[in-house]
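Encoded as structure tokens, the structure appears first; notes follow it.
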Amino acid sequence: MKSLFKTVFVIIIFSGLTRLLGFIFRIWLSRTIGAEALGVYQISFSIFTVLLTLVSSGIPLIVSRMTAKCITNKDKKTENKVVTTALILALIISIVIALLVIVLNKPISHIFADDSCIIILLVLLPALVFSSIYSTLRGNLWGKNNYLACCSSELFEQVVRMIVCMILLSGIFPAISGEIGAALSLSIACVFSSIYVLIWYLKNGGRFYKPQKTQYVEVLKTSSPITFMRVASSMIQPVIALIIPLRLVSSGYTNAQALSLYGIASGMTMPLLFIPMTIIGSLSFALVPDLASASAKNDDKYISSRVTTSIVFSMFVAFLIAPIFMGVGEQIGVFFYDNATSGILLSASAWIIIPLCLTNISSSILNAVGLELKSFKNYILGAIIMLLCIWFLPKYVGINALIWAMGGCFATSAILNIRMIKKQVCPSLKISKYFFKFTLISIPVIALCSFVGSLLGAFIPLFFNLVITCSLGVLFFVLLCLVFNIFELHTVMVWVKQNNPIKLHHRKKKV
């Protein structure tokens, strides 16, 4: 528990800061280039993420696993050969993909709703090549449990991107449009981040050796299934980015209106919905090796306890944030983006946070115990529901079809994942009573936030209104959790005292 707590603590600090800077950057970008340009960029970026998955999913994960194995066997030379092999393969794949996009850019441009999308995609290609270097070397550092290097590299890339983008869009380069500047800043940031992790790799004793032919086969054979599954998952986002504007246009919207609405929903509202993933994602990452180790020892009691606690904690985080967004979502959209539409969509879509968090933590649990293929199948079933929603619903509910599509996907995946956990991992899992209590608690919290936010809006500035309203919402939610006996204050205080990172650090030094 102490080791897990410290790992999660480090990851939350760095990932939280990275997400915060990314969130601030997205606010600035949306205000600078506008919703329509942001929508155009999001469409191109969704295609880019699929290409990026090909070079930064399976291979880095295999590098991490092989690195850990080599460290256990104290085989430094094989470790370096594995990294070299993976790096060569990742570079070849990324360069081939980039060349294909360049050669086939005219046919590819026909799938986009806007002509500038293909230009943005071409500008992003250097980011693809340098990300292959970054992700491979980062996989080695992760296999060494070097969390500082891994987490700080993401933060470094985000800072570089923000600085470069602000310079490009400051007016010094008038020929560079907003969406092109956003894409170019990412490519430049990826160059610097790859250099950053290369320095860390060499500093930690990493070297490059001529690999054996059998190692190419081994890396490709073991990484291909993982890459295939993640590419299939990532394909959903560009499909949505292409279908939603087209279906909105067919429903009577103009092309500019469709792109603007999609830009607001995907570029402004959705990032706010993913705020809880800073905490849940950190827990999920640390949970995987923890449960895998317990599974190898056949410690069913420990697994049952950790699984139940993790799922209930994920629900607590989700239900803590969702009611506040439902109550004052519109004011939040106006404050951050100066856009009421984004806030209205936030209030309407806040419920998605609940199945989103449950899907993330349940998928991690299944991955930890070797059931990742079944988790992937559950996601595919959810994705089918998502595609049906974005195809048929825009005619009736407009951009809200995206909300129902994502909610349907995550809800389906979460239900199926939890059912699988109860069936094959933790038969004693009982979380329905917690879900029911959290749902009841959320109703008065929504009402309180909505009332206080509306009342204070007539008297004080928006910033102080949101600070007071959100603080009251959090306090009221926690108090209701205590009243409903979801957790006991004494138990929480004892746990925090035992796992205080400062005290743990002092104990380690004394030892």
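Just so we're on the same page: first chain in the structure tokens is A, next is B, and so on; residues restart at 1 for each chain, and ligands are numbered from 1 in the order they show up.
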
Practice item. Report the residues of stretch 251-352 of chain A whose backbone DSSP state falls under alpha helix (DSSP H), written as number ranges by chain. Key: A: 255-264, 270-273, 277-296, 300-337, 340-349

Review point. What's the 10 Å shell around A:Phe392, counting only C-alpha atoms, without same-chain residues fewer than 4 positions away, as a list in words?
Key: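 Listing them by chain and then by number gives Arg247, Leu387, Leu388, Tyr396, Val397 and Ala401 of chain A.
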
Practice item. Pick out the closest residue to A:Leu29 from this set: A:Met235, A:Ile180, A:Ala175, A:Leu440. Count only C-alpha atoms. Key: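 Of the candidates, the smallest distance to A:Leu29 is held by A:Ile180.
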
Exercise for review: Tell me, as a PyMOL selection string, which residues lie within 12 Å of A:Ile188, counting only C-alpha atoms; anything in the same chain fewer than 6 positions away does not count.
Suggested key: chain A and resi 123-131+157-165+168+181-182+194-195

Residues as selected, N, CA and C atoms, written as a compact mmCIF listing (two decimals), in the first residue's frame, can you do that?
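As a result, part-v6.txt now contains:
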# COMPACT_ATOMS: atom_id res chain seq x y z
N VAL A 123 1.45 18.73 -41.62
CA VAL A 123 2.29 19.46 -40.66
C VAL A 123 2.55 18.62 -39.41
N LEU A 124 1.63 17.72 -39.08
CA LEU A 124 1.77 16.88 -37.89
C LEU A 124 2.67 15.67 -38.11
N LEU A 125 3.05 15.37 -39.34
CA LEU A 125 3.84 14.17 -39.62
C LEU A 125 5.20 14.12 -38.91
N PRO A 126 5.95 15.25 -38.82
CA PRO A 126 7.19 15.18 -38.04
C PRO A 126 6.97 14.74 -36.59
N ALA A 127 5.83 15.14 -36.02
CA ALA A 127 5.50 14.70 -34.65
C ALA A 127 5.36 13.19 -34.58
N LEU A 128 4.87 12.59 -35.66
CA LEU A 128 4.72 11.14 -35.71
C LEU A 128 6.08 10.44 -35.65
N VAL A 129 7.03 10.92 -36.44
CA VAL A 129 8.35 10.30 -36.51
C VAL A 129 9.10 10.45 -35.19
N PHE A 130 9.11 11.66 -34.65
CA PHE A 130 9.85 11.88 -33.40
C PHE A 130 9.15 11.24 -32.20
N SER A 131 7.83 11.05 -32.28
CA SER A 131 7.12 10.35 -31.21
C SER A 131 7.51 8.88 -31.14
N GLU A 157 7.20 18.34 -22.63
CA GLU A 157 6.62 18.49 -23.97
C GLU A 157 5.48 19.49 -23.98
N GLN A 158 4.65 19.46 -22.95
CA GLN A 158 3.51 20.38 -22.88
C GLN A 158 3.98 21.82 -22.75
N VAL A 159 5.00 22.06 -21.94
CA VAL A 159 5.52 23.41 -21.75
C VAL A 159 6.12 23.94 -23.05
N VAL A 160 6.92 23.11 -23.71
CA VAL A 160 7.53 23.53 -24.98
C VAL A 160 6.46 23.85 -26.01
N ARG A 161 5.43 23.02 -26.07
CA ARG A 161 4.38 23.26 -27.06
C ARG A 161 3.65 24.58 -26.81
N MET A 162 3.37 24.86 -25.55
CA MET A 162 2.68 26.10 -25.22
C MET A 162 3.50 27.31 -25.62
N ILE A 163 4.80 27.27 -25.30
CA ILE A 163 5.67 28.40 -25.62
C ILE A 163 5.77 28.60 -27.13
N VAL A 164 6.00 27.51 -27.86
CA VAL A 164 6.15 27.60 -29.32
C VAL A 164 4.87 28.09 -29.98
N CYS A 165 3.72 27.57 -29.54
CA CYS A 165 2.45 27.96 -30.14
C CYS A 165 2.14 29.43 -29.90
N LEU A 168 4.28 31.40 -32.30
CA LEU A 168 3.81 31.28 -33.69
C LEU A 168 2.55 32.09 -33.94
N GLY A 181 -0.62 26.73 -36.82
CA GLY A 181 0.28 27.01 -35.71
C GLY A 181 0.15 25.99 -34.60
N ALA A 182 -1.09 25.56 -34.32
CA ALA A 182 -1.32 24.55 -33.28
C ALA A 182 -0.66 23.23 -33.66
N SER A 194 11.71 14.21 -27.59
CA SER A 194 12.50 13.03 -27.95
C SER A 194 13.96 13.22 -27.53
N ILE A 195 14.47 14.44 -27.66
CA ILE A 195 15.83 14.74 -27.20
C ILE A 195 15.91 14.61 -25.67

Point to revise | 9 Å contact set for A:Glu330, only C-alpha atoms, chain neighbours under 3 positions out, as a list in words | key: Phe325, Met326, Gly327, Gly333, Val334, Phe335, Asn339, Ala340, Thr341, Ser342, Gly343, Ile344, Leu345, Leu346 and Ser347 of chain A

Practice item. For stretch 75-82 of chain A, please output as a PyMOL selection string all residues within 12 Å (counting only C-alpha atoms; exclusion window: fewer than 6 positions along the same chain). Key: chain A and resi 59-60+62-69+88-89+136-137+139-141+143-144+201-202+204-220

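Across A:Trp142, A:Phe459, A:Tyr134, A:Phe436, the tightest approach to A:Phe192 is made by A:Tyr134 when counting only C-alpha atoms.
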
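Here atom CA of A:Ile365 is placed at a distance of 21.0 Å from atom CA of A:Gly408.
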
**Study point:** Two-atom distance - atom CA of A:Asn367, atom CA of A:Ser57 (Å)
**Key:** 14.6 Å

**Study point:** Residues within 8 Å of A:Tyr379, only C-alpha atoms, excluding chain neighbours under 5 positions, as a PyMOL selection string
**Key:** chain A and resi 233+409-410+412-413

Writing out the chosen residues with N, CA and C atoms as a PDB file, in the first residue's frame:
ATOM      1  N   SER A 233      -9.321   0.601 -31.306  1.00  0.00           N
ATOM      2  CA  SER A 233      -9.988   1.494 -30.354  1.00  0.00           C
ATOM      3  C   SER A 233      -9.864   2.957 -30.771  1.00  0.00           C
ATOM      4  N   CYS A 409     -21.557   4.417 -25.054  1.00  0.00           N
ATOM      5  CA  CYS A 409     -20.351   3.592 -25.202  1.00  0.00           C
ATOM      6  C   CYS A 409     -19.740   3.258 -23.849  1.00  0.00           C
ATOM      7  N   PHE A 410     -19.510   4.284 -23.019  1.00  0.00           N
ATOM      8  CA  PHE A 410     -18.870   4.058 -21.721  1.00  0.00           C
ATOM      9  C   PHE A 410     -19.758   3.275 -20.768  1.00  0.00           C
ATOM     10  N   THR A 412     -22.055   1.025 -21.548  1.00  0.00           N
ATOM     11  CA  THR A 412     -22.050  -0.378 -21.979  1.00  0.00           C
ATOM     12  C   THR A 412     -20.761  -1.071 -21.566  1.00  0.00           C
ATOM     13  N   SER A 413     -19.634  -0.413 -21.827  1.00  0.00           N
ATOM     14  CA  SER A 413     -18.340  -1.003 -21.476  1.00  0.00           C
ATOM     15  C   SER A 413     -18.203  -1.199 -19.976  1.00  0.00           C
TER      16      SER A 413
END

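Using only C-alpha atoms for every distance, the candidate list A:Leu99, A:Ile460, A:Val50, A:Leu320 yields A:Leu320 as the residue closest to A:Leu479.
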
**Study point:** atom CA of A:Val101 to atom CA of A:Leu122, straight-line distance in Å
**Key:**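 Rounded to one decimal, the two atoms are 7.5 Å apart.
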
Exercise for review: Check the smallest atom-to-atom distance from each of A:Ile119, A:Ser56, A:Asn298, A:Tyr337 to A:Trp28 using only C-alpha atoms, then report the winner.
Suggested key: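 Smallest separation from A:Trp28 among the options: A:Tyr337.
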